[in-house]
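Novice: Take this structure, written in structure tokens, and hold onto it; I'll ask about it next.
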Amino acid sequence: MTHFLELMGPSLVTANAVVDGFSVILQVDTLLYIGLGMLVGMLVGAFPGVTATMAVALAAGFTMTMEPMQGLAVLLTIYVAAQFGDRVPAILINTPGTPASISTTFDGYPLARQGKAGLAMTVSAFGSAVGMLVGIVLLAVIAIPLARFAREFGPPELFALVVFGLTMMIGVSSGRIIKGLIAGCFGLFLAAVGRDPVSGDARFTMDILELNSGVPFIPVIIGLFGVAEVLNQMLTHNKNITQTKPISQLGQWWPSKKTTKALVKPTAVGAATGSVIGLVPAVGGDISGIIGWDNARRVSKNKEKFGKGSLEGLMAGDTSTTTTLGGSVTTTMALGIPGDSVMAVLIGSMMIWGIQPGPALFSSNPSMVYSIAAILAVATVLSLAVSLLRMKSMVKLLELNQAYLWIIILVFCMVGTYSINNSVFDVAVMLLMGVIGLVMLRLGFPAGPTVLGLILGPLAEANLRRTLIGGGWEAFLSSPIAMILFIVSAAALLFPPLREMSRRRKTELGDKSKFSANVP
């Protein structure tokens with residue numbers, strides 16, 4: 001009998017995992033937390049300048065006392081709903097609510113100016129929902145096999161995987177490779193503060209008792225992503241600049257059958273693009289949306305309409321953007337490598353709850369992947385339903401004075417940080433990191449690599465030490481997987497500057513040839 005169960009094990013475990021995982025959404029409290037996260041996420045997305053990362057970081061401080069699945073329900077739903085809410089300002093005032101809706105402005109605002117704002121918002125909502133559902137299917141199908149594969153990794157492979165995650169985020173730091181490296185090293189330094197895991201000696205604690213256990217994670221991310229952003233907006237805000245009035249004439253809302261049929265192709269292109277890009281750590285929905293929009297333009301019969309009010313471009317960009325969420329959650333949970341800055345915050349919260357994302361998570365607890373998929377699916381359906389309402393109230397929200405919003409965010413930052421450990425020291429860390437984050441913003445240093453370094457630093461140190469003790473540097477050379485990851489990591493750092501050098505060289509050669517042609 002035992003042998004029979006072992007043979008049938010995978011299918012039985014999978015069936016039980018699906019049932020156990022999806023049973024989470026049948027609990028009333030989970031549904032209530034999903035509803036709460038949905039409302040917060042929609043509002044966050046609708047206010048330009050309030051990013052999903054900032055909202056999730058701030059909410060993390062209030063979810064520490066919750067059960068893990070309840071906390072995940074809030075944080076994941078905020079992330080999902082923000083992907084819907086941020087389309088509203090992108091379409092109505094040509095300002096992305098979050099970076100993920102940059103591609104929405106390409107065609108969304110031109111459509112709104114043509115009196116088709118309602119149609120644009122409907123198409124955008126359906127595109128976001130389809131992309132999200134495709135990403136959720138991707139998560140449910142790939143996460144467990146990927147985790148089982150990665151579970152075979154030893155210390156050399158795990159160290160190489162951490163290096164890969166760090167360099168991928170640095171490599172996509174908007175062309176700021178050197179500054180991304182410095183930011184990542186700063187995060188690694190923060191991770192080294194505290195007691196040495198082997199000797200127990202204090203490192204960089206400056207005789208501050210509270211630092212013996214390391215730099216508190218949640219205050220750091222709230223400071224870097226919340227306080228720093230608010231301070232930066234306060235410094236750069238100009239009262240003399242007239243704020244763009246949101247377009248209030250929304251026009252028709254539902255596309256015709258002919259229009260719906262024409263949107264099938266760009267939807268497929270966007271979903272395919274986002275599925276591939278979402279599995280690459282740190283790339284993010286903003287880049288995916290732009291690539292998806294461009295791919296749809298390449299295969300469209302109406303290329304000339306793109307950027308001037310194309311429903312195809314709007315649909316492709318939004319579908320591609322939200323599809324990446326499934327891949328981002330997959331790499332975060334299955335490999336322990338954050339797919340983007342929001343997932344970095346989520347990893348920190350899970351570690352505080354005693355959950356360690358990584359190869360062992362889904363292998364030992366496969367029902368969790370289906371619980372996460374169920375939460376994401378319900379959050380998507382609820383967000384779509386709210387998005388399809390004629391949200392004239394959102395237009396009023398866009399006219400709210402930003403000063404009130406800054407005060408509210410700062411108060412919540414301090415209350416949320418203090419509530420974690422009832423510690424004034426945590427609040428002080430948050431404020432200090434807010435000032436440091438402001439300096440980083442003003443000087444062009446990305447905050448993402450810093451957070452990633454803080455999260456992955458201990459994992460990198462532990463696996464590097466195990467590798468050197470067990471087999472020395474030769475252990476890396478004898479591992480094909482580790483070497484492949486190192487090569488890809490090096491390429492992620494070297495390719496952007498080499499591509500920029502090539503582009504400049506071609507431009508210079510083109511200018512020289514033009515000059516030569518003009519010389520008699």
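Identifiers in the structure tokens: chain A, B, ... in order shown; residue index from 1 per chain; ligand index from 1 in order shown.
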Please give the complete set of residues from region 114-223 of chain A that DSSP, run on the backbone, assigns to alpha helix (DSSP H), formatted as a VMD selection string.

Specialist: chain A and resid 117 to 150 155 to 171 177 to 192 217 to 222

Novice: Which polymer residues have any atom within 9 Å of an atom of region 147-153 of chain A, counting only C-alpha atoms, with same-chain residues fewer than 6 positions away left out, as a PyMOL selection string?

Specialist: chain A and resi 331+333-335+358-363+481

Novice: Can you write out the residues you just picked, keeping C-alpha atoms, as a short mmCIF file (atom, residue, chain, number, x, y, z; two decimals), in the first residue's frame?

Specialist:
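Wrote result-v2.cif, looks like this:
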```cif
data_model
loop_
_atom_site.label_atom_id
_atom_site.label_comp_id
_atom_site.auth_asym_id
_atom_site.auth_seq_id
_atom_site.Cartn_x
_atom_site.Cartn_y
_atom_site.Cartn_z
CA THR A 331 10.49 33.78 -9.13
CA MET A 333 8.38 32.46 -4.05
CA ALA A 334 10.08 29.58 -5.87
CA LEU A 335 13.63 30.95 -5.98
CA GLY A 358 12.87 29.92 -1.81
CA PRO A 359 13.17 26.45 -3.32
CA ALA A 360 12.03 24.66 -0.15
CA LEU A 361 8.84 26.73 0.28
CA PHE A 362 6.62 25.30 -2.45
CA SER A 363 8.24 21.86 -2.29
CA ILE A 481 24.58 25.88 -13.13
#
```

Novice: Compile the contact shell of region 210-225 of chain A as a list of chain:residue names: residues with an atom at most 7 Å away, counting only C-alpha atoms, same-chain residues fewer than 4 positions apart removed.

Specialist: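 My list of contacting residues is A:Thr53, A:Met54, A:Ala57, A:Leu58, A:Gly61, A:Leu190, A:Val193, A:Gly194, A:Arg195, A:Ala202, A:Thr205, A:Glu229, A:Gly348, A:Cys413, A:Thr417, A:Asp426, A:Val427, A:Val429, A:Met430, A:Leu431, A:Met433, A:Gly434, A:Gly437, A:Ala447, A:Val451.
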
Novice: Please produce, as CSV, a per-residue contact table for region 277-377 of chain A versus region 106-124 of chain A (criterion: any atom at most 9 Å away, only C-alpha atoms considered), showing the nearest atom pair and its distance in Å to one decimal, sorted by chain then residue number.

Specialist:
```
residue,atom,partner,partner_atom,distance
A:Trp293,CA,A:Phe106,CA,8.9
A:Lys305,CA,A:Asp107,CA,8.8
A:Phe306,CA,A:Asp107,CA,6.8
A:Gly307,CA,A:Phe106,CA,5.0
A:Lys308,CA,A:Pro110,CA,5.7
A:Gly309,CA,A:Asp107,CA,4.4
A:Ser310,CA,A:Asp107,CA,5.6
A:Leu311,CA,A:Ala120,CA,7.1
A:Glu312,CA,A:Asp107,CA,8.8
A:Gly313,CA,A:Asp107,CA,6.5
A:Leu314,CA,A:Asp107,CA,5.6
A:Met315,CA,A:Ser124,CA,5.9
A:Gly317,CA,A:Ser124,CA,8.9
A:Asp318,CA,A:Ser124,CA,6.2
A:Thr319,CA,A:Ser124,CA,8.1
```

Novice: Got time to write the residues from that selection, N, CA, C and O atoms, as a JSON list (two decimals), in the first residue's frame?

Specialist:
```json
[["chain", "number", "residue", "atom", "x", "y", "z"],
["A", 293, "TRP", "N", 3.88, 46.91, -25.91],
["A", 293, "TRP", "CA", 3.29, 47.92, -26.81],
["A", 293, "TRP", "C", 4.04, 47.95, -28.14],
["A", 293, "TRP", "O", 3.43, 47.99, -29.21],
["A", 305, "LYS", "N", -1.45, 54.41, -36.10],
["A", 305, "LYS", "CA", -2.33, 54.87, -35.02],
["A", 305, "LYS", "C", -1.69, 54.76, -33.64],
["A", 305, "LYS", "O", -2.17, 55.37, -32.69],
["A", 306, "PHE", "N", -0.63, 53.95, -33.54],
["A", 306, "PHE", "CA", 0.00, 53.75, -32.24],
["A", 306, "PHE", "C", 0.64, 55.05, -31.75],
["A", 306, "PHE", "O", 1.36, 55.72, -32.49],
["A", 307, "GLY", "N", 0.33, 55.40, -30.51],
["A", 307, "GLY", "CA", 0.82, 56.64, -29.94],
["A", 307, "GLY", "C", -0.10, 57.82, -30.22],
["A", 307, "GLY", "O", 0.14, 58.92, -29.71],
["A", 308, "LYS", "N", -1.13, 57.59, -31.01],
["A", 308, "LYS", "CA", -2.06, 58.67, -31.35],
["A", 308, "LYS", "C", -3.49, 58.35, -30.92],
["A", 308, "LYS", "O", -4.42, 59.08, -31.26],
["A", 309, "GLY", "N", -3.66, 57.22, -30.23],
["A", 309, "GLY", "CA", -5.00, 56.84, -29.78],
["A", 309, "GLY", "C", -5.40, 55.48, -30.29],
["A", 309, "GLY", "O", -6.51, 55.30, -30.80],
["A", 310, "SER", "N", -4.52, 54.49, -30.14],
["A", 310, "SER", "CA", -4.79, 53.13, -30.62],
["A", 310, "SER", "C", -5.25, 52.25, -29.47],
["A", 310, "SER", "O", -4.55, 52.09, -28.46],
["A", 311, "LEU", "N", -6.43, 51.66, -29.64],
["A", 311, "LEU", "CA", -6.91, 50.73, -28.64],
["A", 311, "LEU", "C", -6.05, 49.47, -28.61],
["A", 311, "LEU", "O", -5.88, 48.84, -27.56],
["A", 312, "GLU", "N", -5.48, 49.11, -29.76],
["A", 312, "GLU", "CA", -4.59, 47.95, -29.82],
["A", 312, "GLU", "C", -3.35, 48.19, -28.96],
["A", 312, "GLU", "O", -2.93, 47.31, -28.19],
["A", 313, "GLY", "N", -2.75, 49.34, -29.09],
["A", 313, "GLY", "CA", -1.56, 49.66, -28.29],
["A", 313, "GLY", "C", -1.87, 49.70, -26.81],
["A", 313, "GLY", "O", -1.09, 49.21, -25.98],
["A", 314, "LEU", "N", -3.02, 50.28, -26.45],
["A", 314, "LEU", "CA", -3.44, 50.35, -25.05],
["A", 314, "LEU", "C", -3.62, 48.96, -24.49],
["A", 314, "LEU", "O", -3.14, 48.64, -23.39],
["A", 315, "MET", "N", -4.31, 48.09, -25.24],
["A", 315, "MET", "CA", -4.59, 46.73, -24.78],
["A", 315, "MET", "C", -3.31, 45.93, -24.62],
["A", 315, "MET", "O", -3.11, 45.25, -23.61],
["A", 317, "GLY", "N", -0.13, 46.96, -24.21],
["A", 317, "GLY", "CA", 0.72, 47.46, -23.14],
["A", 317, "GLY", "C", 0.22, 47.06, -21.77],
["A", 317, "GLY", "O", 0.99, 46.58, -20.92],
["A", 318, "ASP", "N", -1.08, 47.23, -21.52],
["A", 318, "ASP", "CA", -1.63, 46.92, -20.21],
["A", 318, "ASP", "C", -1.65, 45.41, -19.94],
["A", 318, "ASP", "O", -1.43, 44.97, -18.81],
["A", 319, "THR", "N", -1.92, 44.62, -20.97],
["A", 319, "THR", "CA", -1.90, 43.17, -20.80],
["A", 319, "THR", "C", -0.49, 42.68, -20.48],
["A", 319, "THR", "O", -0.29, 41.86, -19.58]]
```

Novice: Near Phe126 (chain A), within 10 Å and counting only C-alpha atoms, which residues show up once chain neighbours fewer than 6 positions away are dropped, as a PDB file with N, CA and C atoms, in the first residue's frame?

Specialist:
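Okay, this is what ended up in result02.pdb:
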```
ATOM      1  N   PHE A  84      -4.712  48.323 -11.524  1.00  0.00           N
ATOM      2  CA  PHE A  84      -5.937  48.808 -12.161  1.00  0.00           C
ATOM      3  C   PHE A  84      -6.117  50.304 -11.911  1.00  0.00           C
ATOM      4  N   MET A 132      -3.430  39.693 -15.886  1.00  0.00           N
ATOM      5  CA  MET A 132      -3.282  39.195 -14.524  1.00  0.00           C
ATOM      6  C   MET A 132      -3.652  37.716 -14.439  1.00  0.00           C
ATOM      7  N   THR A 267      -3.921  41.499 -27.519  1.00  0.00           N
ATOM      8  CA  THR A 267      -4.003  40.885 -26.194  1.00  0.00           C
ATOM      9  C   THR A 267      -3.066  39.686 -26.108  1.00  0.00           C
ATOM     10  N   MET A 315      -4.308  48.093 -25.244  1.00  0.00           N
ATOM     11  CA  MET A 315      -4.591  46.734 -24.778  1.00  0.00           C
ATOM     12  C   MET A 315      -3.306  45.930 -24.622  1.00  0.00           C
ATOM     13  N   ASP A 318      -1.080  47.230 -21.521  1.00  0.00           N
ATOM     14  CA  ASP A 318      -1.628  46.919 -20.208  1.00  0.00           C
ATOM     15  C   ASP A 318      -1.651  45.414 -19.943  1.00  0.00           C
ATOM     16  N   THR A 319      -1.919  44.625 -20.971  1.00  0.00           N
ATOM     17  CA  THR A 319      -1.902  43.167 -20.801  1.00  0.00           C
ATOM     18  C   THR A 319      -0.494  42.684 -20.478  1.00  0.00           C
ATOM     19  N   LEU A 384     -11.396  44.339 -11.242  1.00  0.00           N
ATOM     20  CA  LEU A 384     -12.020  44.541 -12.555  1.00  0.00           C
ATOM     21  C   LEU A 384     -13.435  45.077 -12.389  1.00  0.00           C
ATOM     22  N   ALA A 385     -14.187  44.507 -11.449  1.00  0.00           N
ATOM     23  CA  ALA A 385     -15.573  44.955 -11.229  1.00  0.00           C
ATOM     24  C   ALA A 385     -15.614  46.425 -10.835  1.00  0.00           C
ATOM     25  N   SER A 387     -13.278  48.652 -11.449  1.00  0.00           N
ATOM     26  CA  SER A 387     -12.771  49.452 -12.566  1.00  0.00           C
ATOM     27  C   SER A 387     -13.830  49.710 -13.628  1.00  0.00           C
ATOM     28  N   LEU A 388     -14.785  48.808 -13.762  1.00  0.00           N
ATOM     29  CA  LEU A 388     -15.816  48.958 -14.785  1.00  0.00           C
ATOM     30  C   LEU A 388     -16.947  49.892 -14.346  1.00  0.00           C
TER      31      LEU A 388
END
```

Novice: Compile the contact shell of Pro197 (chain A) as a PDB file with N, CA and C atoms, in the first residue's frame: residues with an atom at most 9 Å away, counting only C-alpha atoms, same-chain residues fewer than 3 positions apart removed.

Specialist:
```
ATOM      1  N   GLY A 194      25.225  43.880  12.597  1.00  0.00           N
ATOM      2  CA  GLY A 194      24.679  42.956  13.586  1.00  0.00           C
ATOM      3  C   GLY A 194      25.712  41.940  14.028  1.00  0.00           C
ATOM      4  N   GLY A 200      29.703  35.234  16.166  1.00  0.00           N
ATOM      5  CA  GLY A 200      28.884  35.954  17.139  1.00  0.00           C
ATOM      6  C   GLY A 200      29.405  37.324  17.488  1.00  0.00           C
ATOM      7  N   ASP A 201      30.489  37.752  16.833  1.00  0.00           N
ATOM      8  CA  ASP A 201      31.047  39.076  17.095  1.00  0.00           C
ATOM      9  C   ASP A 201      30.157  40.169  16.510  1.00  0.00           C
ATOM     10  N   PRO A 458      22.386  38.260   3.800  1.00  0.00           N
ATOM     11  CA  PRO A 458      22.623  37.103   4.683  1.00  0.00           C
ATOM     12  C   PRO A 458      22.639  35.781   3.932  1.00  0.00           C
ATOM     13  N   ALA A 462      25.945  33.365   3.818  1.00  0.00           N
ATOM     14  CA  ALA A 462      25.866  31.994   4.343  1.00  0.00           C
ATOM     15  C   ALA A 462      26.298  30.975   3.299  1.00  0.00           C
TER      16      ALA A 462
END
```

Novice: Which residues, written as a list in words, have at least one atom at most 7 Å from Ala191 (chain A), with only C-alpha atoms counted and residues fewer than 3 positions away on the same chain left out?

Specialist: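 In the requested form, the answer reads Gly187, Leu188, Leu454, Gly457 and Pro458 of chain A.
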
Novice: What would the file look like if the residues just selected were written as a PDB file, in the first residue's frame with C-alpha atoms?

Specialist:
```pdb
ATOM      1  CA  GLY A 187      22.316  47.220   0.870  1.00  0.00           C
ATOM      2  CA  LEU A 188      24.902  44.476   1.408  1.00  0.00           C
ATOM      3  CA  LEU A 454      19.614  43.990   2.478  1.00  0.00           C
ATOM      4  CA  GLY A 457      22.964  39.703   1.882  1.00  0.00           C
ATOM      5  CA  PRO A 458      22.623  37.103   4.683  1.00  0.00           C
TER       6      PRO A 458
END
```

Novice: Calculate how many Å separate CA of Gly127 (chain A) from CA of Ala46 (chain A), rounding to one decimal.

Specialist: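 That distance, rounded to one decimal, is 17.3 Å.
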
Novice: Which residue, A:Leu158, A:Val50, A:Ala228, A:Leu138, has the smallest gap to Arg442 (chain A) when you use only C-alpha atoms?

Specialist: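 Once distances to Arg442 (chain A) are computed over only C-alpha atoms, the minimum belongs to A:Ala228.
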
Novice: Which residues, written as a PyMOL selection string, have at least one atom at most 12 Å from Asn463 (chain A), with only C-alpha atoms counted and residues fewer than 6 positions away on the same chain left out?

Specialist: chain A and resi 153-163+197+456-457+469-472+475-476

Novice: For Asn232 (chain A), which residue among A:Ile372, A:Met501, A:Asp294, A:Val435 is the nearest when counting only C-alpha atoms?

Specialist: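 Ranking A:Ile372, A:Met501, A:Asp294, A:Val435 by distance to Asn232 (chain A), first place goes to A:Val435.
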
Novice: When distances are computed from only C-alpha atoms, which of A:Phe164, A:Val56, A:Arg87, A:Ala100 shows the smallest separation from Ser489 (chain A)?

Specialist: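 Ranking A:Phe164, A:Val56, A:Arg87, A:Ala100 by distance to Ser489 (chain A), first place goes to A:Phe164.
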
Novice: How many Å lie between CA of Leu263 (chain A) and CA of Ala129 (chain A), rounded to one decimal?

Specialist: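 Between these atoms lies a distance of 14.0 Å.
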
Novice: Between A:Leu438, A:Gly326, A:Gly416, A:Pro266, single out the one closest to Ala374 (chain A), counting only C-alpha atoms.

Specialist: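 Looking at the shortest contact to Ala374 (chain A), the residue is A:Gly326.
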
Novice: In Å, how far is it from CA of Ser328 (chain A) to CA of Pro497 (chain A)?

Specialist: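 So the answer is 25.3 Å.
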
Novice: Would you mind telling me which residue in A:Gly327, A:Leu166, A:Ser320, A:Ile102 lies nearest to Phe486 (chain A) when using only C-alpha atoms?

Specialist: A:Leu166
